[in-house]
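A.B. asks: One structure, pasted below without further comment.
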Amino acid sequence: MTSTIVILGTGGTIAGRSGSAQDNVAYRAGSVGVDELVAAVPPLAALAQAGRLQHEQVANVDSKDMDHALWQALARAAARHLARPEVAGVVVTHGTDTLEETAWFLDLTVQNEKPIVLIGAQRNASEKDFDGPRNLLNAARVCVTSEARGKGAMIVLNNQINAAREVTKTHTSDVETFKSGDFGFLGVADNDRVIFSRAPTRRQHVPLKAMKEGEKLPAVEIVAMYGGADGKLVRSAVANGAKGLVIQGLGWGNVNVPMYEAIQEVLAKGIPVVVSTRVPNGRVLPVYGFKGGGKTLQEAGAVMADNLPPQKARILLMLAMQTTSKQADLQKLFDR
Ligand code: ASP
């Protein structure tokens, strides 16, 4: 019977405390253990008592401190638990700031029909209206819903279910912060039941290669285009060890001439460059033929990020570069 839920704790505001409701100077993420979080939600504590819920503390950090090593540890822990026949799904408690990056990393690297449900909280445990317990309970409910199978990694906050590829944090403090732009929610964890309205269709698996202790994924930096950008940061990123670059371009994926020339230079050195956009919705497209337009960037060797925002394009590029840096191979992955 697949009815056991495994909760992997990593920290964040859901595990955070502040001096008082008003005192955010004393606020620290990752102050509360996953055991305490579970104990504070009676239905989950009862499941744990009955042996149907287990938890593991993978880390206890502010999600600004998530990195390659933690992502890998988390992916391996999730894969290990999902492979157990009695496990229905895995819940990850996490800070909201980089939650969408971790969700995307897990969606790409963990291959299993069973769901991975990521949650956080916008208000910490010292606040009267702490949203952690509700989100944790909803995550467990989504985990054991049969329709959650095959939908990969999802973020569930404020009763709303979002797909890893599509979701982004849209508000600094509201409890309704995770949204999927043009695509909308996958479903809701309503009071009486969990309802899915659709499935995420653009999913793919990019395996995490076995790595030696301390070994990292290829270093990929994000460089922004803005009015007056001079390309210095593009050259400097590569001079400082970047093995790949994501450009946060404008509109359809455009940059000015100095940025274009810097990008051309690093492409000529064999550094893959992926072009994304700072616009929250829509795809980048190689349509403009002026110097710095998407078409000229593509002709120079750059890869178009489709509708992935820079922070998610970076993750796909890092994982892809374990096996290839060729423009055509990379473009295929970004087109999927
Ligand atoms: N700084 C926190 C974090 O991402 C914010 C949160 O969890 O909402 O860890």
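Following the order of the structure tokens, first chain is A, next is B, and so on, with residues numbered from 1 inside each chain and ligands from 1 in the order they appear.
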Please identify the residues whose atoms come within 12 Å of ligand 1, using only C-alpha atoms and all ligand atoms, and report them as a PyMOL selection string.
C.D. replies: chain A and resi 9-18+24+27-31+59-66+93-102+118-125+130-132+157+169-178
A.B. asks: Write out as a list in words each polymer residue whose atoms come within 9 Å of Arg141 of chain A, counting only C-alpha atoms; drop sequence neighbours fewer than 4 positions from it.
C.D. replies: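 The filter keeps Leu136, Leu137, Thr145, Ala189, Arg193 and Val194 of chain A.
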A.B. asks: Generate a file of the selected residues that holds all heavy atoms, formatted as a tab-separated table (two decimals), in the first residue's frame.
C.D. replies:
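Printed below is part.tsv as written:
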chain	number	residue	atom	x	y	z
A	136	LEU	N	1.40	22.86	5.24
A	136	LEU	CA	1.96	21.53	5.47
A	136	LEU	C	0.88	20.46	5.36
A	136	LEU	O	1.06	19.41	4.72
A	136	LEU	CB	2.64	21.48	6.86
A	136	LEU	CG	3.48	20.24	7.15
A	136	LEU	CD1	4.58	20.05	6.10
A	136	LEU	CD2	4.12	20.36	8.54
A	137	LEU	N	-0.27	20.76	5.94
A	137	LEU	CA	-1.38	19.79	5.86
A	137	LEU	C	-1.83	19.62	4.40
A	137	LEU	O	-2.03	18.50	3.93
A	137	LEU	CB	-2.55	20.28	6.73
A	137	LEU	CG	-3.76	19.35	6.80
A	137	LEU	CD1	-3.37	17.96	7.31
A	137	LEU	CD2	-4.85	19.94	7.71
A	145	THR	N	-3.09	12.17	-3.05
A	145	THR	CA	-4.16	12.22	-4.04
A	145	THR	C	-3.69	11.50	-5.30
A	145	THR	O	-2.62	11.80	-5.82
A	145	THR	CB	-4.47	13.70	-4.41
A	145	THR	OG1	-4.84	14.36	-3.21
A	145	THR	CG2	-5.58	13.82	-5.42
A	189	ALA	N	-6.21	22.76	-3.38
A	189	ALA	CA	-6.43	21.89	-2.23
A	189	ALA	C	-7.58	22.55	-1.47
A	189	ALA	O	-7.37	23.43	-0.63
A	189	ALA	CB	-5.18	21.79	-1.38
A	193	ARG	N	-11.76	18.56	-0.66
A	193	ARG	CA	-10.93	17.64	-1.45
A	193	ARG	C	-9.93	18.40	-2.33
A	193	ARG	O	-10.08	19.61	-2.55
A	193	ARG	CB	-11.81	16.71	-2.30
A	193	ARG	CG	-12.61	17.41	-3.37
A	193	ARG	CD	-13.63	16.44	-3.99
A	193	ARG	NE	-14.48	17.11	-4.94
A	193	ARG	CZ	-14.36	17.01	-6.27
A	193	ARG	NH1	-13.42	16.26	-6.79
A	193	ARG	NH2	-15.18	17.65	-7.07
A	194	VAL	N	-8.98	17.63	-2.83
A	194	VAL	CA	-7.97	18.20	-3.73
A	194	VAL	C	-8.47	18.01	-5.16
A	194	VAL	O	-8.84	16.91	-5.55
A	194	VAL	CB	-6.62	17.46	-3.53
A	194	VAL	CG1	-5.60	17.92	-4.58
A	194	VAL	CG2	-6.09	17.69	-2.13
A.B. asks: Please, which residues in segment 297-333 of chain A fall within 12 Å of segment 279-286 of chain A when counting only C-alpha atoms, and what is the closest atom pair and distance in Å to one decimal for each, ordered by chain then residue number, as CSV?
C.D. replies:
residue,atom,partner,partner_atom,distance
A:Leu297,CA,A:Pro286,CA,7.6
A:Gln298,CA,A:Pro286,CA,6.5
A:Glu299,CA,A:Pro286,CA,8.9
A:Ala300,CA,A:Pro286,CA,11.3
A:Gly301,CA,A:Pro286,CA,11.5
A:Ala302,CA,A:Pro286,CA,9.9
A:Val303,CA,A:Pro286,CA,9.4
A:Met304,CA,A:Val284,CA,6.3
A:Ala305,CA,A:Val284,CA,6.5
A:Asp306,CA,A:Arg283,CA,4.7
A:Asn307,CA,A:Arg283,CA,4.2
A:Leu308,CA,A:Arg283,CA,7.7
A:Pro309,CA,A:Pro280,CA,7.3
A:Pro310,CA,A:Pro280,CA,10.3
A:Gln311,CA,A:Pro280,CA,12.0
A:Ala313,CA,A:Val284,CA,11.9
A:Gln331,CA,A:Leu285,CA,12.0
A.B. asks: May I ask which of the residues A:Val6, A:Gln204, A:Val266, A:Arg198 is the closest one to Lys332 of chain A, counting only C-alpha atoms?
C.D. replies: A:Gln204
A.B. asks: Just list as a PyMOL selection string whatever in segment 60-208 of chain A DSSP marks as strand (DSSP E).
C.D. replies: chain A and resi 60-61+87-93+116-119+153-157+160-163+168-169+178-179+187-189+194-196
A.B. asks: Enter the distance from atom CA of Asp329 of chain A to atom CA of Gly270 of chain A, in Å, rounded to one decimal.
C.D. replies: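 Atom-to-atom, atom CA of Asp329 of chain A to atom CA of Gly270 of chain A, that is 14.1 Å.
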A.B. asks: Excluding same-chain residues fewer than 4 positions from Lys232 of chain A, what lies within 9 Å of it counting only C-alpha atoms, as a VMD selection string?
C.D. replies: chain A and resid 236 to 237 258 to 259 262
